[in-house]
Amino acid sequence: MAHSEPDAWDAHYAGGGRFRPRGAGERRLLAEHLPAPAGGRALDLGCGLGELARHLAGSGYRVDAVDWSETALAEARRTNAPGVTYRRLDIERDDLGRLPDAGYDVIVMRLSLAFVRDRTRVLNRLRERLRPGGALCVITPVAGAVPQDRRGIALDEEEIGLLGAGWATADRYDADGLAVLVLRGAAPAAPGYAGKGTPSPHALTGAGVVVTDAAGRVLLGWSVRGVWELPGGKNDADEDFAAAAVRELEEETSLKADPAGARVRAILMDSAHGVPRVTAAVRVGAFTGEPVVTEPRLMRRWEWHEVADLPLLGRPLFTPSAHVLDTVWPGLLPGLPPVHRYPVTEG
């Protein structure tokens, strides 16, 4: 049910669906690493039927427990647990300003992060809701320990590694076969830039596509080669850059756009392994659809990112993508490698 809609979760709970109960290992780690301070506040994200929220309240926290399934919340409320407030919230789409508290000593995501698409953005916003000294705790199955048909509920080692970006400490523990990550302290990393190996001769020309959603967030993909990058790619013979950008956007993400609405903002030229490389910076406005990974051999995931977060990704940006982003938001990314930039002025 990864990235599914609320009605799917309502059906899950209404049909008697449940999740793995907490084990002794989880209880021990929570008590050892996340004890409740005086007046401690906790946020349980994806609380489901409220088992963890009630445990946190019993440990001394005042708990805000949120989920986007009203069916699950209705059942959780029937327990009348003291110290727990339940409310419906979609952490990817709703304003976190709707949370009843401005800051929390601990934020817990148990068996829920695998269902979040824009993890980098969501974790950046959650980090802003932590009180000084607070911690984000992620409890997740590991991909290598679940059957292939259950892969969508788990994180693999690379995905788990990405969670530590931007945190001062990222401690990992094992609890009955689950990975328990305790993340503390904002530690923005200097932006990095990286290539993806020697380009083939046909890779001399191509387009990088900047597309933003209604909230102004920009789409980036996490590549199998270990870099964040924009949609885009090589242009075919006799294909102009705008048409190539729109075609590549649909082929890589399933988002559809009209080539007539694509605007070439600049032509960029640098080199990779001694081969001249020309990239068109293309801005696409209107589009339809939701981003999905259509080429898993090349891309692990697509995420919408806040523009202000781009210098703080904690992992490298593909260098041509960084140059394209700098065309749209000049000066945002410090320390860019050299590039020849030729702005395009439309008549």
# chains A, B, ... in the order shown; residues from 1 in each chain; ligands from 1

$ select_by_dssp --residues "region 39-163 of chain A" --states "strand (DSSP E)" --output "JSON, numbers by chain"
{"A": [41, 42, 43, 44, 45, 62, 63, 64, 65, 66, 67, 84, 85, 86, 87, 88, 104, 105, 106, 107, 108, 109, 110, 130, 131, 132, 133, 134, 135, 136, 137, 138, 139, 140]}

$ residues_around --residues "region 307-320 of chain A" --least-positions-apart "4" --cutoff "6 Å" --atoms "only C-alpha atoms" --output "JSON, numbers by chain"
{"A": [165, 166, 188, 189, 191, 192, 193, 194, 195, 227, 228, 229, 333]}

$ write_last_selection --atoms "all heavy atoms" --output "compact mmCIF listing (two decimals), in the first residue's frame"
# COMPACT_ATOMS: atom_id res chain seq x y z
N ALA A 165 21.30 11.81 6.60
CA ALA A 165 21.80 13.07 6.04
C ALA A 165 21.17 14.25 6.75
O ALA A 165 19.95 14.33 6.91
CB ALA A 165 21.50 13.13 4.54
N GLY A 166 22.00 15.19 7.18
CA GLY A 166 21.50 16.41 7.80
C GLY A 166 21.31 16.31 9.31
O GLY A 166 20.77 17.25 9.91
N PRO A 188 23.31 20.66 8.93
CA PRO A 188 23.28 20.83 7.46
C PRO A 188 24.65 20.57 6.85
O PRO A 188 25.67 21.08 7.32
CB PRO A 188 22.86 22.29 7.29
CG PRO A 188 22.18 22.65 8.57
CD PRO A 188 22.88 21.86 9.64
N ALA A 189 24.66 19.76 5.83
CA ALA A 189 25.92 19.43 5.16
C ALA A 189 26.16 20.40 4.02
O ALA A 189 25.22 20.92 3.41
CB ALA A 189 25.87 18.00 4.62
N PRO A 191 26.77 21.49 0.35
CA PRO A 191 26.31 20.80 -0.86
C PRO A 191 27.46 20.14 -1.60
O PRO A 191 28.58 20.66 -1.63
CB PRO A 191 25.68 21.93 -1.69
CG PRO A 191 26.31 23.18 -1.17
CD PRO A 191 26.57 22.93 0.28
N GLY A 192 27.19 18.99 -2.17
CA GLY A 192 28.20 18.29 -2.97
C GLY A 192 27.69 18.07 -4.38
O GLY A 192 26.49 18.08 -4.63
N TYR A 193 28.60 17.87 -5.30
CA TYR A 193 28.24 17.69 -6.70
C TYR A 193 29.07 16.53 -7.23
O TYR A 193 30.24 16.39 -6.89
CB TYR A 193 28.51 18.96 -7.51
CG TYR A 193 27.96 20.20 -6.84
CD1 TYR A 193 28.77 21.04 -6.08
CD2 TYR A 193 26.60 20.48 -6.91
CE1 TYR A 193 28.26 22.14 -5.44
CE2 TYR A 193 26.07 21.60 -6.26
CZ TYR A 193 26.90 22.42 -5.53
OH TYR A 193 26.38 23.51 -4.89
N ALA A 194 28.45 15.71 -8.05
CA ALA A 194 29.15 14.51 -8.53
C ALA A 194 28.69 14.15 -9.92
O ALA A 194 27.57 14.49 -10.33
CB ALA A 194 28.91 13.34 -7.57
N GLY A 195 29.54 13.48 -10.64
CA GLY A 195 29.17 12.93 -11.94
C GLY A 195 28.63 11.52 -11.78
O GLY A 195 28.49 11.01 -10.66
N VAL A 227 23.29 9.93 -6.79
CA VAL A 227 23.18 11.38 -6.85
C VAL A 227 21.71 11.76 -6.99
O VAL A 227 20.88 10.99 -7.49
CB VAL A 227 23.98 11.98 -8.04
CG1 VAL A 227 25.46 11.80 -7.86
CG2 VAL A 227 23.51 11.39 -9.37
N TRP A 228 21.38 12.97 -6.51
CA TRP A 228 20.08 13.56 -6.81
C TRP A 228 20.15 14.20 -8.19
O TRP A 228 21.16 14.82 -8.53
CB TRP A 228 19.72 14.64 -5.78
CG TRP A 228 19.38 14.13 -4.42
CD1 TRP A 228 20.14 14.22 -3.29
CD2 TRP A 228 18.17 13.47 -4.03
NE1 TRP A 228 19.49 13.66 -2.23
CE2 TRP A 228 18.27 13.19 -2.65
CE3 TRP A 228 17.01 13.09 -4.71
CZ2 TRP A 228 17.28 12.55 -1.94
CZ3 TRP A 228 16.00 12.44 -4.01
CH2 TRP A 228 16.14 12.18 -2.64
N GLU A 229 19.09 14.08 -8.98
CA GLU A 229 19.11 14.71 -10.29
C GLU A 229 17.72 15.08 -10.74
O GLU A 229 16.71 14.53 -10.27
CB GLU A 229 19.77 13.80 -11.32
CG GLU A 229 19.05 12.49 -11.60
CD GLU A 229 19.80 11.65 -12.62
OE1 GLU A 229 19.74 12.01 -13.82
OE2 GLU A 229 20.41 10.66 -12.23
N LEU A 333 22.77 27.72 -4.92
CA LEU A 333 23.72 26.64 -4.66
C LEU A 333 25.15 27.20 -4.67
O LEU A 333 25.63 27.64 -5.71
CB LEU A 333 23.58 25.55 -5.72
CG LEU A 333 22.22 24.86 -5.77
CD1 LEU A 333 22.13 23.97 -7.01
CD2 LEU A 333 21.99 24.03 -4.51

$ closest_atom_pairs --of "region 176-218 of chain A" --to "region 125-134 of chain A" --cutoff "8 Å" --atoms "only C-alpha atoms" --output "JSON lines"
{"residue": "A:Arg184", "atom": "CA", "partner": "A:Gly134", "partner_atom": "CA", "distance": 6.4}
{"residue": "A:Gly185", "atom": "CA", "partner": "A:Gly133", "partner_atom": "CA", "distance": 6.9}
{"residue": "A:Ala186", "atom": "CA", "partner": "A:Arg127", "partner_atom": "CA", "distance": 7.2}

$ write_last_selection --atoms "all heavy atoms" --output "CSV table (one decimal), in the first residue's frame"
chain,number,residue,atom,x,y,z
A,184,ARG,N,19.3,12.8,15.8
A,184,ARG,CA,19.3,14.0,16.7
A,184,ARG,C,20.2,15.1,16.1
A,184,ARG,O,21.2,14.9,15.5
A,184,ARG,CB,19.9,13.7,18.1
A,184,ARG,CG,19.2,12.6,18.9
A,184,ARG,CD,19.8,12.4,20.2
A,184,ARG,NE,19.2,11.4,21.0
A,184,ARG,CZ,18.2,11.5,21.8
A,184,ARG,NH1,17.7,12.7,22.0
A,184,ARG,NH2,17.7,10.5,22.5
A,185,GLY,N,19.7,16.4,16.3
A,185,GLY,CA,20.5,17.5,16.0
A,185,GLY,C,20.6,17.9,14.5
A,185,GLY,O,21.0,17.1,13.7
A,186,ALA,N,20.2,19.1,14.2
A,186,ALA,CA,20.4,19.6,12.8
A,186,ALA,C,21.8,19.8,12.5
A,186,ALA,O,22.6,20.4,13.2
A,186,ALA,CB,19.6,20.9,12.6

$ select_by_dssp --residues "region 315-347 of chain A" --states "helix (DSSP H, G or I)" --output "list in words"
Thr319, Pro320, Ser321, Ala322, His323, Val324, Leu325, Asp326, Thr327 and Val328 of chain A

$ atom_distance --atom1 "CA of Ala280 (chain A)" --atom2 "CA of Thr198 (chain A)"
19.3 Å

$ residues_around --residues "Trp222 (chain A)" --least-positions-apart "2" --cutoff "9 Å" --atoms "only C-alpha atoms" --output "PyMOL selection string"
chain A and resi 220+224-229+299-303

$ residues_around --residues "region 170-172 of chain A" --least-positions-apart "3" --cutoff "12 Å" --atoms "only C-alpha atoms" --output "ChimeraX atom specification"
/A:29,33,135-140,157,160-167,175,178-187

$ atom_distance --atom1 "CA of Tyr104 (chain A)" --atom2 "CA of Leu43 (chain A)"
6.6 Å

$ closest_residue --among "A:Ser59, A:Ser254, A:Ser271, A:Ser69" --to "Leu30 (chain A)" --atoms "only C-alpha atoms"
A:Ser59

$ closest_atom_pairs --of "region 158-259 of chain A" --to "region 284-288 of chain A" --cutoff "9 Å" --atoms "only C-alpha atoms" --output "CSV"
residue,atom,partner,partner_atom,distance
A:Val209,CA,A:Val284,CA,6.8
A:Val210,CA,A:Val284,CA,6.1
A:Val211,CA,A:Val284,CA,5.2
A:Thr212,CA,A:Gly285,CA,7.1
A:Asp213,CA,A:Gly285,CA,8.6
A:Ala242,CA,A:Val284,CA,8.8
A:Ala245,CA,A:Val284,CA,8.4
A:Val246,CA,A:Val284,CA,7.9
A:Ser254,CA,A:Thr288,CA,8.8
A:Leu255,CA,A:Thr288,CA,5.8
A:Lys256,CA,A:Thr288,CA,5.3
A:Ala257,CA,A:Phe287,CA,4.5
A:Asp258,CA,A:Phe287,CA,7.5
A:Pro259,CA,A:Val284,CA,8.4

$ atom_distance --atom1 "CA of Trp304 (chain A)" --atom2 "CA of Val218 (chain A)"
5.4 Å

$ decode --residues "region 293-332 of chain A" --atoms "N, CA and C atoms" --output "JSON list (two decimals), in the first residue's frame"
[["chain", "number", "residue", "atom", "x", "y", "z"],
["A", 293, "VAL", "N", 8.27, 5.96, -10.46],
["A", 293, "VAL", "CA", 9.53, 5.45, -11.01],
["A", 293, "VAL", "C", 9.19, 4.51, -12.17],
["A", 294, "THR", "N", 9.46, 4.94, -13.39],
["A", 294, "THR", "CA", 9.17, 4.12, -14.57],
["A", 294, "THR", "C", 10.41, 3.40, -15.09],
["A", 295, "GLU", "N", 11.59, 3.83, -14.64],
["A", 295, "GLU", "CA", 12.84, 3.22, -15.09],
["A", 295, "GLU", "C", 13.67, 2.82, -13.86],
["A", 296, "PRO", "N", 13.27, 1.76, -13.16],
["A", 296, "PRO", "CA", 13.96, 1.40, -11.91],
["A", 296, "PRO", "C", 15.42, 1.03, -12.09],
["A", 297, "ARG", "N", 15.84, 0.72, -13.31],
["A", 297, "ARG", "CA", 17.26, 0.43, -13.53],
["A", 297, "ARG", "C", 18.10, 1.69, -13.41],
["A", 298, "LEU", "N", 17.46, 2.87, -13.50],
["A", 298, "LEU", "CA", 18.17, 4.15, -13.46],
["A", 298, "LEU", "C", 17.85, 4.96, -12.21],
["A", 299, "MET", "N", 16.61, 4.87, -11.71],
["A", 299, "MET", "CA", 16.16, 5.77, -10.66],
["A", 299, "MET", "C", 15.51, 4.98, -9.53],
["A", 300, "ARG", "N", 15.86, 5.36, -8.29],
["A", 300, "ARG", "CA", 15.29, 4.68, -7.14],
["A", 300, "ARG", "C", 13.95, 5.30, -6.72],
["A", 301, "ARG", "N", 13.87, 6.65, -6.75],
["A", 301, "ARG", "CA", 12.65, 7.30, -6.27],
["A", 301, "ARG", "C", 12.61, 8.74, -6.77],
["A", 302, "TRP", "N", 11.40, 9.30, -6.82],
["A", 302, "TRP", "CA", 11.20, 10.72, -7.13],
["A", 302, "TRP", "C", 10.61, 11.38, -5.90],
["A", 303, "GLU", "N", 11.11, 12.59, -5.58],
["A", 303, "GLU", "CA", 10.61, 13.33, -4.43],
["A", 303, "GLU", "C", 10.45, 14.80, -4.80],
["A", 304, "TRP", "N", 9.41, 15.42, -4.23],
["A", 304, "TRP", "CA", 9.26, 16.87, -4.34],
["A", 304, "TRP", "C", 10.05, 17.51, -3.20],
["A", 305, "HIS", "N", 10.91, 18.48, -3.52],
["A", 305, "HIS", "CA", 11.79, 19.13, -2.54],
["A", 305, "HIS", "C", 11.46, 20.62, -2.44],
["A", 306, "GLU", "N", 11.50, 21.14, -1.21],
["A", 306, "GLU", "CA", 11.43, 22.58, -1.03],
["A", 306, "GLU", "C", 12.68, 23.20, -1.66],
["A", 307, "VAL", "N", 12.50, 24.31, -2.36],
["A", 307, "VAL", "CA", 13.64, 24.95, -3.03],
["A", 307, "VAL", "C", 14.70, 25.36, -2.01],
["A", 308, "ALA", "N", 14.26, 25.87, -0.84],
["A", 308, "ALA", "CA", 15.21, 26.31, 0.17],
["A", 308, "ALA", "C", 16.04, 25.17, 0.72],
["A", 309, "ASP", "N", 15.58, 23.92, 0.55],
["A", 309, "ASP", "CA", 16.32, 22.77, 1.07],
["A", 309, "ASP", "C", 17.42, 22.29, 0.11],
["A", 310, "LEU", "N", 17.44, 22.78, -1.12],
["A", 310, "LEU", "CA", 18.37, 22.23, -2.11],
["A", 310, "LEU", "C", 19.84, 22.32, -1.69],
["A", 311, "PRO", "N", 20.27, 23.39, -0.99],
["A", 311, "PRO", "CA", 21.68, 23.38, -0.58],
["A", 311, "PRO", "C", 21.97, 22.44, 0.58],
["A", 312, "LEU", "N", 20.94, 21.79, 1.15],
["A", 312, "LEU", "CA", 21.09, 21.01, 2.37],
["A", 312, "LEU", "C", 20.71, 19.55, 2.19],
["A", 313, "LEU", "N", 20.84, 19.03, 0.99],
["A", 313, "LEU", "CA", 20.38, 17.67, 0.72],
["A", 313, "LEU", "C", 21.20, 16.62, 1.44],
["A", 314, "GLY", "N", 22.45, 16.89, 1.71],
["A", 314, "GLY", "CA", 23.29, 15.92, 2.39],
["A", 314, "GLY", "C", 23.88, 14.86, 1.48],
["A", 315, "ARG", "N", 23.45, 14.82, 0.23],
["A", 315, "ARG", "CA", 24.00, 13.91, -0.77],
["A", 315, "ARG", "C", 24.22, 14.71, -2.04],
["A", 316, "PRO", "N", 25.14, 14.29, -2.94],
["A", 316, "PRO", "CA", 25.49, 15.14, -4.08],
["A", 316, "PRO", "C", 24.34, 15.32, -5.08],
["A", 317, "LEU", "N", 24.37, 16.48, -5.73],
["A", 317, "LEU", "CA", 23.54, 16.75, -6.90],
["A", 317, "LEU", "C", 24.34, 16.40, -8.15],
["A", 318, "PHE", "N", 23.70, 15.79, -9.13],
["A", 318, "PHE", "CA", 24.32, 15.58, -10.43],
["A", 318, "PHE", "C", 24.70, 16.96, -10.97],
["A", 319, "THR", "N", 25.96, 17.13, -11.38],
["A", 319, "THR", "CA", 26.47, 18.46, -11.70],
["A", 319, "THR", "C", 25.62, 19.19, -12.74],
["A", 320, "PRO", "N", 25.26, 18.59, -13.91],
["A", 320, "PRO", "CA", 24.41, 19.33, -14.84],
["A", 320, "PRO", "C", 23.07, 19.75, -14.23],
["A", 321, "SER", "N", 22.49, 18.91, -13.36],
["A", 321, "SER", "CA", 21.24, 19.30, -12.70],
["A", 321, "SER", "C", 21.46, 20.50, -11.80],
["A", 322, "ALA", "N", 22.59, 20.53, -11.09],
["A", 322, "ALA", "CA", 22.89, 21.68, -10.24],
["A", 322, "ALA", "C", 23.00, 22.96, -11.07],
["A", 323, "HIS", "N", 23.62, 22.88, -12.24],
["A", 323, "HIS", "CA", 23.73, 24.05, -13.11],
["A", 323, "HIS", "C", 22.36, 24.50, -13.62],
["A", 324, "VAL", "N", 21.49, 23.54, -13.93],
["A", 324, "VAL", "CA", 20.15, 23.90, -14.39],
["A", 324, "VAL", "C", 19.38, 24.57, -13.27],
["A", 325, "LEU", "N", 19.45, 24.04, -12.06],
["A", 325, "LEU", "CA", 18.77, 24.65, -10.92],
["A", 325, "LEU", "C", 19.29, 26.06, -10.67],
["A", 326, "ASP", "N", 20.59, 26.26, -10.86],
["A", 326, "ASP", "CA", 21.16, 27.59, -10.66],
["A", 326, "ASP", "C", 20.68, 28.57, -11.72],
["A", 327, "THR", "N", 20.27, 28.06, -12.87],
["A", 327, "THR", "CA", 19.70, 28.93, -13.90],
["A", 327, "THR", "C", 18.35, 29.48, -13.45],
["A", 328, "VAL", "N", 17.55, 28.63, -12.81],
["A", 328, "VAL", "CA", 16.21, 29.05, -12.37],
["A", 328, "VAL", "C", 16.27, 29.83, -11.06],
["A", 329, "TRP", "N", 17.15, 29.40, -10.14],
["A", 329, "TRP", "CA", 17.29, 30.07, -8.84],
["A", 329, "TRP", "C", 18.76, 30.48, -8.66],
["A", 330, "PRO", "N", 19.18, 31.57, -9.32],
["A", 330, "PRO", "CA", 20.60, 31.95, -9.29],
["A", 330, "PRO", "C", 21.10, 32.21, -7.87],
["A", 331, "GLY", "N", 22.28, 31.70, -7.60],
["A", 331, "GLY", "CA", 22.92, 31.95, -6.32],
["A", 331, "GLY", "C", 22.48, 31.05, -5.19],
["A", 332, "LEU", "N", 21.51, 30.17, -5.42],
["A", 332, "LEU", "CA", 21.01, 29.31, -4.35],
["A", 332, "LEU", "C", 22.05, 28.27, -3.94]]
